[in-house]
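Structure data follow from data-v1.cif (mmCIF, C-alpha atoms (C1' of nucleotides)):
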data_data
#
loop_
_atom_site.group_PDB
_atom_site.id
_atom_site.type_symbol
_atom_site.label_atom_id
_atom_site.label_comp_id
_atom_site.auth_asym_id
_atom_site.auth_seq_id
_atom_site.Cartn_x
_atom_site.Cartn_y
_atom_site.Cartn_z
ATOM 1 C CA MET A 220 198.395 95.082 188.383
ATOM 2 C CA SER A 221 196.957 91.622 187.678
ATOM 3 C CA GLU A 222 196.504 90.229 184.183
ATOM 4 C CA LYS A 223 192.778 90.401 184.651
ATOM 5 C CA GLU A 224 192.915 94.109 185.273
ATOM 6 C CA VAL A 225 195.041 94.624 182.198
ATOM 7 C CA GLU A 226 192.469 92.768 180.149
ATOM 8 C CA GLN A 227 189.735 94.962 181.494
ATOM 9 C CA GLU A 228 191.666 98.045 180.582
ATOM 10 C CA GLU A 229 192.003 96.836 177.003
ATOM 11 C CA VAL A 230 188.288 96.280 176.810
ATOM 12 C CA LYS A 231 187.047 99.487 178.296
ATOM 13 C CA THR A 232 186.138 102.163 175.774
ATOM 14 C CA GLU A 233 188.326 105.168 176.401
ATOM 15 C CA HIS A 234 186.602 107.480 173.959
ATOM 16 C CA SER A 235 186.685 111.104 174.993
ATOM 17 C CA GLU A 236 183.388 112.724 175.746
ATOM 18 C CA CYS A 237 183.669 114.943 172.723
ATOM 19 C CA GLY A 238 182.878 112.103 170.322
ATOM 20 C CA GLY A 239 179.407 111.418 171.602
ATOM 21 C CA LYS A 240 177.314 111.168 168.487
ATOM 22 C CA TYR A 241 180.239 109.776 166.509
ATOM 23 C CA VAL A 242 180.965 106.725 168.638
ATOM 24 C CA GLU A 243 178.742 104.433 166.575
ATOM 25 C CA MET A 244 180.186 105.648 163.308
ATOM 26 C CA ILE A 245 183.716 105.140 164.571
ATOM 27 C CA LYS A 246 182.988 101.552 165.490
ATOM 28 C CA LYS A 247 181.659 100.805 162.032
ATOM 29 C CA ILE A 248 184.602 102.416 160.312
ATOM 30 C CA ASP A 249 187.026 100.633 162.588
ATOM 31 C CA ASN A 250 185.653 97.279 161.543
ATOM 32 C CA ASN A 251 186.069 97.993 157.854
ATOM 33 C CA MET A 252 189.449 99.698 158.019
ATOM 34 C CA PRO A 253 191.991 98.445 155.509
ATOM 35 C CA CYS A 254 194.876 96.754 157.275
ATOM 36 C CA GLU A 255 198.204 98.292 158.104
ATOM 37 C CA GLU A 256 199.857 96.761 155.052
ATOM 38 C CA GLU A 257 197.323 98.202 152.652
ATOM 39 C CA PHE A 258 197.879 101.668 154.014
ATOM 40 C CA TYR A 259 201.595 101.124 153.769
ATOM 41 C CA ASP A 260 201.403 100.060 150.136
ATOM 42 C CA LEU A 261 199.086 102.906 149.321
ATOM 43 C CA SER A 262 201.375 105.492 150.820
ATOM 44 C CA GLU A 263 204.383 103.928 149.107
ATOM 45 C CA LEU A 264 202.593 104.249 145.799
ATOM 46 C CA PHE A 265 201.870 107.918 146.329
ATOM 47 C CA LYS A 266 205.348 108.500 147.688
ATOM 48 C CA MET A 267 206.667 107.479 144.291
ATOM 49 C CA LEU A 268 204.576 110.213 142.692
ATOM 50 C CA GLY A 269 205.554 112.649 145.397
ATOM 51 C CA ASP A 270 208.753 113.837 143.836
ATOM 52 C CA SER A 271 209.202 116.384 141.118
ATOM 53 C CA THR A 272 211.767 114.430 139.147
ATOM 54 C CA ARG A 273 209.810 111.200 139.228
ATOM 55 C CA VAL A 274 206.554 112.835 138.309
ATOM 56 C CA LYS A 275 208.253 114.471 135.354
ATOM 57 C CA ILE A 276 209.683 111.166 134.248
ATOM 58 C CA LEU A 277 206.282 109.533 134.507
ATOM 59 C CA TYR A 278 204.646 112.353 132.617
ATOM 60 C CA ALA A 279 207.219 112.037 129.857
ATOM 61 C CA LEU A 280 206.696 108.301 129.653
ATOM 62 C CA SER A 281 202.954 108.782 129.634
ATOM 63 C CA GLN A 282 203.472 110.312 126.183
ATOM 64 C CA GLY A 283 205.156 107.168 124.959
ATOM 65 C CA GLU A 284 208.079 104.883 125.680
ATOM 66 C CA MET A 285 211.525 106.370 125.527
ATOM 67 C CA CYS A 286 215.117 105.700 126.422
ATOM 68 C CA VAL A 287 217.068 107.197 129.276
ATOM 69 C CA CYS A 288 218.898 109.765 127.198
ATOM 70 C CA ASP A 289 215.589 111.050 125.813
ATOM 71 C CA ILE A 290 214.363 111.602 129.349
ATOM 72 C CA VAL A 291 217.594 113.297 130.300
ATOM 73 C CA GLU A 292 217.249 115.638 127.366
ATOM 74 C CA LEU A 293 213.565 116.338 127.929
ATOM 75 C CA LEU A 294 213.822 117.124 131.619
ATOM 76 C CA ASP A 295 216.657 119.090 133.072
ATOM 77 C CA VAL A 296 218.117 116.384 135.209
ATOM 78 C CA THR A 297 221.410 114.541 135.388
ATOM 79 C CA GLN A 298 221.686 111.139 133.758
ATOM 80 C CA SER A 299 222.626 109.717 137.117
ATOM 81 C CA ALA A 300 219.638 111.214 138.871
ATOM 82 C CA VAL A 301 217.278 109.944 136.188
ATOM 83 C CA SER A 302 218.770 106.503 136.409
ATOM 84 C CA HIS A 303 218.443 106.386 140.184
ATOM 85 C CA GLN A 304 214.823 107.474 140.016
ATOM 86 C CA LEU A 305 214.016 105.035 137.244
ATOM 87 C CA ARG A 306 215.294 102.276 139.463
ATOM 88 C CA LEU A 307 212.857 103.293 142.195
ATOM 89 C CA LEU A 308 209.997 103.542 139.733
ATOM 90 C CA LYS A 309 210.872 100.131 138.370
ATOM 91 C CA GLN A 310 210.998 98.642 141.860
ATOM 92 C CA ALA A 311 207.573 100.115 142.526
ATOM 93 C CA ARG A 312 206.390 98.578 139.251
ATOM 94 C CA LEU A 313 205.268 101.906 137.910
ATOM 95 C CA VAL A 314 207.509 101.563 134.880
ATOM 96 C CA LYS A 315 208.933 98.643 132.977
ATOM 97 C CA TYR A 316 211.825 98.522 130.553
ATOM 98 C CA ARG A 317 213.407 96.549 127.819
ATOM 99 C CA ARG A 318 216.850 96.725 126.337
ATOM 100 C CA SER A 319 217.389 97.638 122.739
ATOM 101 C CA GLY A 320 221.003 97.657 121.729
ATOM 102 C CA LYS A 321 222.848 100.089 123.892
ATOM 103 C CA SER A 322 219.651 101.771 125.043
ATOM 104 C CA ALA A 323 217.197 100.963 127.788
ATOM 105 C CA ILE A 324 213.659 101.774 126.734
ATOM 106 C CA TYR A 325 211.297 102.614 129.561
ATOM 107 C CA SER A 326 207.528 102.786 129.572
ATOM 108 C CA ILE A 327 204.606 103.147 131.952
ATOM 109 C CA SER A 328 203.763 99.728 133.312
ATOM 110 C CA ASP A 329 199.981 100.018 133.348
ATOM 111 C CA ASP A 330 197.027 102.304 132.805
ATOM 112 C CA HIS A 331 196.318 102.949 136.462
ATOM 113 C CA VAL A 332 199.467 105.015 136.663
ATOM 114 C CA TYR A 333 198.280 107.225 133.857
ATOM 115 C CA THR A 334 194.856 107.601 135.436
ATOM 116 C CA ILE A 335 196.207 108.570 138.833
ATOM 117 C CA LEU A 336 198.519 111.065 137.210
ATOM 118 C CA SER A 337 195.630 112.642 135.304
ATOM 119 C CA MET A 338 193.460 112.827 138.391
ATOM 120 C CA GLY A 339 196.264 114.648 140.102
ATOM 121 C CA MET A 340 196.688 117.143 137.293
ATOM 122 C CA GLU A 341 192.963 117.720 137.217
ATOM 123 C CA HIS A 342 192.984 118.376 140.931
ATOM 124 C CA ILE A 343 195.742 120.954 140.926
ATOM 125 C CA SER A 344 194.095 122.995 138.183
ATOM 126 C CA GLU A 345 191.213 124.542 140.110
ATOM 127 C CA MET B 214 236.264 130.614 125.526
ATOM 128 C CA SER B 215 234.612 133.630 123.870
ATOM 129 C CA GLU B 216 230.977 134.569 124.428
ATOM 130 C CA LYS B 217 230.268 133.700 120.832
ATOM 131 C CA GLU B 218 231.491 130.176 121.314
ATOM 132 C CA VAL B 219 229.357 129.793 124.448
ATOM 133 C CA GLU B 220 226.305 130.888 122.497
ATOM 134 C CA GLN B 221 227.005 128.362 119.810
ATOM 135 C CA GLU B 222 227.254 125.623 122.361
ATOM 136 C CA GLU B 223 223.857 126.531 123.773
ATOM 137 C CA VAL B 224 222.310 126.359 120.335
ATOM 138 C CA LYS B 225 223.743 123.117 119.075
ATOM 139 C CA THR B 226 221.506 120.090 119.548
ATOM 140 C CA GLU B 227 223.286 117.663 121.817
ATOM 141 C CA HIS B 228 220.954 114.702 121.439
ATOM 142 C CA SER B 229 222.734 111.388 121.651
ATOM 143 C CA GLU B 230 222.644 109.181 118.608
ATOM 144 C CA CYS B 231 220.583 106.594 120.400
ATOM 145 C CA GLY B 232 217.435 108.660 120.132
ATOM 146 C CA GLY B 233 217.241 108.681 116.374
ATOM 147 C CA LYS B 234 213.661 107.767 115.657
ATOM 148 C CA TYR B 235 212.471 109.481 118.831
ATOM 149 C CA VAL B 236 213.867 112.934 118.157
ATOM 150 C CA GLU B 237 210.658 114.195 116.553
ATOM 151 C CA MET B 238 208.501 112.845 119.331
ATOM 152 C CA ILE B 239 210.716 114.441 121.939
ATOM 153 C CA LYS B 240 210.370 117.819 120.296
ATOM 154 C CA LYS B 241 206.590 117.589 120.302
ATOM 155 C CA ILE B 242 206.456 116.510 123.922
ATOM 156 C CA ASP B 243 208.885 119.210 124.928
ATOM 157 C CA ASN B 244 206.599 121.878 123.489
ATOM 158 C CA ASN B 245 203.591 120.668 125.438
ATOM 159 C CA MET B 246 205.336 119.958 128.717
ATOM 160 C CA PRO B 247 203.606 121.364 131.783
ATOM 161 C CA CYS B 248 205.735 124.018 133.404
ATOM 162 C CA GLU B 249 208.008 123.557 136.371
ATOM 163 C CA GLU B 250 205.390 124.923 138.770
ATOM 164 C CA GLU B 251 202.738 122.483 137.667
ATOM 165 C CA PHE B 252 205.061 119.569 138.252
ATOM 166 C CA TYR B 253 205.945 121.007 141.605
ATOM 167 C CA ASP B 254 202.310 121.339 142.652
ATOM 168 C CA LEU B 255 201.540 117.878 141.372
ATOM 169 C CA SER B 256 204.346 116.289 143.328
ATOM 170 C CA GLU B 257 203.384 118.258 146.427
ATOM 171 C CA LEU B 258 199.876 116.898 146.145
ATOM 172 C CA PHE B 259 201.075 113.324 145.941
ATOM 173 C CA LYS B 260 203.619 113.908 148.656
ATOM 174 C CA MET B 261 200.723 114.631 150.996
ATOM 175 C CA LEU B 262 199.297 111.212 150.205
ATOM 176 C CA GLY B 263 202.711 109.618 150.478
ATOM 177 C CA ASP B 264 202.684 109.055 154.188
ATOM 178 C CA SER B 265 201.036 106.285 156.092
ATOM 179 C CA THR B 266 199.617 108.447 158.822
ATOM 180 C CA ARG B 267 198.198 111.020 156.459
ATOM 181 C CA VAL B 268 196.691 108.451 154.161
ATOM 182 C CA LYS B 269 195.018 106.820 157.146
ATOM 183 C CA ILE B 270 193.641 110.144 158.266
ATOM 184 C CA LEU B 271 192.298 110.846 154.810
ATOM 185 C CA TYR B 272 190.764 107.421 154.563
ATOM 186 C CA ALA B 273 189.076 107.907 157.913
ATOM 187 C CA LEU B 274 187.738 111.287 156.869
ATOM 188 C CA SER B 275 186.560 109.834 153.576
ATOM 189 C CA GLN B 276 184.029 107.921 155.661
ATOM 190 C CA GLY B 277 182.680 111.125 157.134
ATOM 191 C CA GLU B 278 183.724 114.182 159.074
ATOM 192 C CA MET B 279 185.154 113.642 162.505
ATOM 193 C CA CYS B 280 187.015 115.359 165.293
ATOM 194 C CA VAL B 281 190.644 114.958 166.198
ATOM 195 C CA CYS B 282 190.061 112.630 169.103
ATOM 196 C CA ASP B 283 188.021 110.320 166.878
ATOM 197 C CA ILE B 284 190.937 110.088 164.494
ATOM 198 C CA VAL B 285 193.347 109.480 167.335
ATOM 199 C CA GLU B 286 191.182 106.652 168.564
ATOM 200 C CA LEU B 287 190.599 105.121 165.147
ATOM 201 C CA LEU B 288 194.219 105.105 164.085
ATOM 202 C CA ASP B 289 196.994 104.201 166.437
ATOM 203 C CA VAL B 290 198.741 107.536 166.433
ATOM 204 C CA THR B 291 199.546 110.171 169.018
ATOM 205 C CA GLN B 292 197.291 113.197 169.298
ATOM 206 C CA SER B 293 200.278 115.367 168.595
ATOM 207 C CA ALA B 294 201.231 113.483 165.466
ATOM 208 C CA VAL B 295 197.670 113.620 164.180
ATOM 209 C CA SER B 296 197.486 117.308 164.825
ATOM 210 C CA HIS B 297 200.754 117.996 163.043
ATOM 211 C CA GLN B 298 199.646 116.006 160.026
ATOM 212 C CA LEU B 299 196.238 117.623 159.961
ATOM 213 C CA ARG B 300 197.957 120.949 159.760
ATOM 214 C CA LEU B 301 199.857 119.840 156.669
ATOM 215 C CA LEU B 302 196.725 118.427 155.075
ATOM 216 C CA LYS B 303 194.907 121.653 155.820
ATOM 217 C CA GLN B 304 197.708 123.724 154.297
ATOM 218 C CA ALA B 305 197.529 121.552 151.208
ATOM 219 C CA ARG B 306 193.777 122.116 151.135
ATOM 220 C CA LEU B 307 193.047 118.425 151.233
ATOM 221 C CA VAL B 308 190.985 118.802 154.381
ATOM 222 C CA LYS B 309 188.993 121.597 155.916
ATOM 223 C CA TYR B 310 187.759 122.045 159.432
ATOM 224 C CA ARG B 311 185.324 123.845 161.599
ATOM 225 C CA ARG B 312 185.211 124.320 165.325
ATOM 226 C CA SER B 313 182.390 122.946 167.394
ATOM 227 C CA GLY B 314 182.709 123.691 171.056
ATOM 228 C CA LYS B 315 185.923 122.223 172.313
ATOM 229 C CA SER B 316 186.297 120.022 169.270
ATOM 230 C CA ALA B 317 187.712 120.637 165.819
ATOM 231 C CA ILE B 318 185.784 118.766 163.176
ATOM 232 C CA TYR B 319 187.743 117.847 160.078
ATOM 233 C CA SER B 320 186.512 116.707 156.693
ATOM 234 C CA ILE B 321 187.756 116.032 153.185
ATOM 235 C CA SER B 322 187.802 119.296 151.284
ATOM 236 C CA ASP B 323 186.639 118.038 147.902
ATOM 237 C CA ASP B 324 185.752 115.009 145.845
ATOM 238 C CA HIS B 325 188.984 114.848 143.898
ATOM 239 C CA VAL B 326 190.772 113.732 147.022
ATOM 240 C CA TYR B 327 188.411 110.853 147.433
ATOM 241 C CA THR B 328 188.780 109.873 143.778
ATOM 242 C CA ILE B 329 192.550 109.898 143.843
ATOM 243 C CA LEU B 330 192.519 107.840 147.006
ATOM 244 C CA SER B 331 190.212 105.271 145.419
ATOM 245 C CA MET B 332 192.332 105.074 142.278
ATOM 246 C CA GLY B 333 195.309 104.367 144.479
ATOM 247 C CA MET B 334 193.568 101.614 146.384
ATOM 248 C CA GLU B 335 192.394 100.091 143.153
ATOM 249 C CA HIS B 336 195.916 100.110 141.831
ATOM 250 C CA ILE B 337 197.532 98.375 144.776
ATOM 251 C CA SER B 338 195.016 95.542 144.716
ATOM 252 C CA GLU B 339 196.218 93.668 141.630
ATOM 253 C "C1'" DT C 208 188.091 132.528 187.831
ATOM 254 C "C1'" DA C 209 189.951 127.988 188.279
ATOM 255 C "C1'" DA C 210 189.932 123.400 186.584
ATOM 256 C "C1'" DA C 211 189.299 120.159 182.900
ATOM 257 C "C1'" DC C 212 189.255 118.990 178.320
ATOM 258 C "C1'" DA C 213 190.431 119.245 173.175
ATOM 259 C "C1'" DT C 214 193.606 120.722 170.137
ATOM 260 C "C1'" DA C 215 197.771 123.119 168.435
ATOM 261 C "C1'" DT C 216 202.543 124.125 168.169
ATOM 262 C "C1'" DG C 217 207.753 124.714 168.848
ATOM 263 C "C1'" DA C 218 212.084 122.466 169.396
ATOM 264 C "C1'" DA C 219 214.880 118.440 169.190
ATOM 265 C "C1'" DC C 220 215.971 114.239 167.271
ATOM 266 C "C1'" DA C 221 216.291 110.363 164.234
ATOM 267 C "C1'" DT C 222 215.287 108.778 159.728
ATOM 268 C "C1'" DT C 223 214.542 109.036 155.020
ATOM 269 C "C1'" DT C 224 215.468 110.847 150.686
ATOM 270 C "C1'" DA C 225 217.481 113.041 146.403
ATOM 271 C "C1'" DT C 226 221.383 114.572 144.231
ATOM 272 C "C1'" DT C 227 226.221 114.518 142.957
ATOM 273 C "C1'" DC C 228 230.573 112.507 141.815
ATOM 274 C "C1'" DA C 229 233.225 108.839 140.517
ATOM 275 C "C1'" DT C 230 233.254 104.684 138.560
ATOM 276 C "C1'" DA C 231 231.430 100.198 136.981
ATOM 277 C "C1'" DT C 232 228.846 97.431 133.655
ATOM 278 C "C1'" DG C 233 227.258 96.225 129.206
ATOM 279 C "C1'" DA C 234 226.636 96.576 124.285
ATOM 280 C "C1'" DA C 235 228.179 97.828 119.716
ATOM 281 C "C1'" DA C 236 231.521 99.566 116.361
ATOM 282 C "C1'" DG C 237 235.943 99.984 114.588
ATOM 283 C "C1'" DC D 86 240.261 93.591 121.796
ATOM 284 C "C1'" DT D 87 239.993 98.353 122.514
ATOM 285 C "C1'" DT D 88 237.229 102.329 122.254
ATOM 286 C "C1'" DT D 89 233.005 104.604 122.547
ATOM 287 C "C1'" DC D 90 228.454 105.216 123.856
ATOM 288 C "C1'" DA D 91 224.363 104.293 127.078
ATOM 289 C "C1'" DT D 92 223.128 103.166 131.427
ATOM 290 C "C1'" DA D 93 223.644 101.684 136.262
ATOM 291 C "C1'" DT D 94 225.304 101.951 140.863
ATOM 292 C "C1'" DG D 95 227.854 102.838 145.398
ATOM 293 C "C1'" DA D 96 229.253 106.233 148.669
ATOM 294 C "C1'" DA D 97 228.902 110.718 150.510
ATOM 295 C "C1'" DT D 98 226.462 114.729 151.495
ATOM 296 C "C1'" DA D 99 222.837 117.892 152.278
ATOM 297 C "C1'" DA D 100 218.115 118.654 152.855
ATOM 298 C "C1'" DA D 101 213.474 117.323 154.050
ATOM 299 C "C1'" DT D 102 210.372 114.848 156.901
ATOM 300 C "C1'" DG D 103 207.781 112.586 160.897
ATOM 301 C "C1'" DT D 104 207.544 111.701 165.645
ATOM 302 C "C1'" DT D 105 208.025 112.801 170.450
ATOM 303 C "C1'" DC D 106 207.956 115.652 174.447
ATOM 304 C "C1'" DA D 107 206.725 119.598 176.708
ATOM 305 C "C1'" DT D 108 203.866 123.211 176.757
ATOM 306 C "C1'" DA D 109 200.675 126.710 174.902
ATOM 307 C "C1'" DT D 110 196.066 128.061 173.321
ATOM 308 C "C1'" DG D 111 191.290 128.074 173.399
ATOM 309 C "C1'" DT D 112 186.722 126.438 175.057
ATOM 310 C "C1'" DT D 113 183.548 124.806 178.372
ATOM 311 C "C1'" DT D 114 182.031 123.703 183.018
ATOM 312 C "C1'" DA D 115 182.049 123.945 188.013
#

Could you render the structure as structure tokens?
Amino acid sequence: MSEKEVEQEEVKTEHSECGGKYVEMIKKIDNNMPCEEEFYDLSELFKMLGDSTRVKILYALSQGEMCVCDIVELLDVTQSAVSHQLRLLKQARLVKYRRSGKSAIYSISDDHVYTILSMGMEHISE
Amino acid sequence: MSEKEVEQEEVKTEHSECGGKYVEMIKKIDNNMPCEEEFYDLSELFKMLGDSTRVKILYALSQGEMCVCDIVELLDVTQSAVSHQLRLLKQARLVKYRRSGKSAIYSISDDHVYTILSMGMEHISE
DNA sequence: TAAACATATGAACATTTATTCATATGAAAG
DNA sequence: CTTTCATATGAATAAATGTTCATATGTTTA
């Protein structure tokens, strides 16, 4: 197969017949699609909220900053597990922390997190 | 260890010294904590959005209803993969569908989904 | 009814992920 | 400086998840 033919194949519109009336719409959407990276970041964000332990931690922190041992006491999770999850949340910039003596005080890093969390809770109660 | 001693251990408050000023707050939060099931549902919801393919599908559908082959064409994913993911999204009630001839037309099941998606996109762009 | 098309699904596989256990780090108190 | 308390982390393990491949189902058309 020559290069020219390959090029042609790339160009030709392979849309199944079924689409029909949608073809135009699809083209428009395709042009405005967020890029691969945006989708990746978006899914990574939600992935962070997609775990029971982490969502509990975030809920707890949404009530106010607290240290690791408070979280451990509040939820029923191992100190180690909490610590591991806090690291992920910190990496994802969903929480921040500061040290205070022996303790590490964690808090929600910005309001968006709280909003998304609320939206989610609103959604599941219907 | 006698049963009595076990009971005592359950009752005693094991909060680490570090908490101190937070103890009262923790108690209040603890009383208003959503139950295990709510956290589970919440994390399941976000888990559905925590995958690149699914988030792409949802974004596509947020632009308007479309059939499976439209989605396949729009995103760069196998028909099989799309179908599998649509099944999960349907189970989670994030999308609904209707049949039309040979095609299956999918659409976002309610506005919350769209809102949560938007919140997410807003969050990642900062 | 046979062929063609659109979609769905089961099984297998590879990857990711969350927890646990043991232990390390780091800070404060004695 | 040693002990104690608070937190972090690496390795191992088990479980969950997403994709692929092959094939099944269901619908229309010839």

Output the contact residues of chain A with respect to chain C at a cut-off of 12 Å, based on all atoms listed in the file, as a PyMOL selection string. chain A and resi 235-238+266-267+269-273+296-304+307+318-323

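Using the PyMOL selection byres ((chain D) within 8 of (chain A)) on the file at hand returns these residues: DC90, DA91, DT92 and DA93 of chain D.
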
Please evaluate the PyMOL selection byres ((chain A) within 7 of (chain B)) against the structure above and give the resulting residues as a PyMOL selection string. chain A and resi 235+237-238+245+249+258-263+265-266+268-271+274-275+288-289+293+322+331+335+338-340+342-343

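Note that atom CA of B:Lys303 and atom CA of A:Glu345 are 16.4 Å apart.
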
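Separating atom CA of A:Lys315 from atom CA of A:Tyr333 is a distance of 13.7 Å.
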
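Every residue that the PyMOL selection byres ((chain A and resi 328) around 7) selects in this file is listed here: Arg312, Leu313, Val314, Lys315, Ser326, Ile327 and Asp329 of chain A.
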
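Relative to atom CA of B:Leu299, atom C1' of D:DT108 is found at 19.3 Å.
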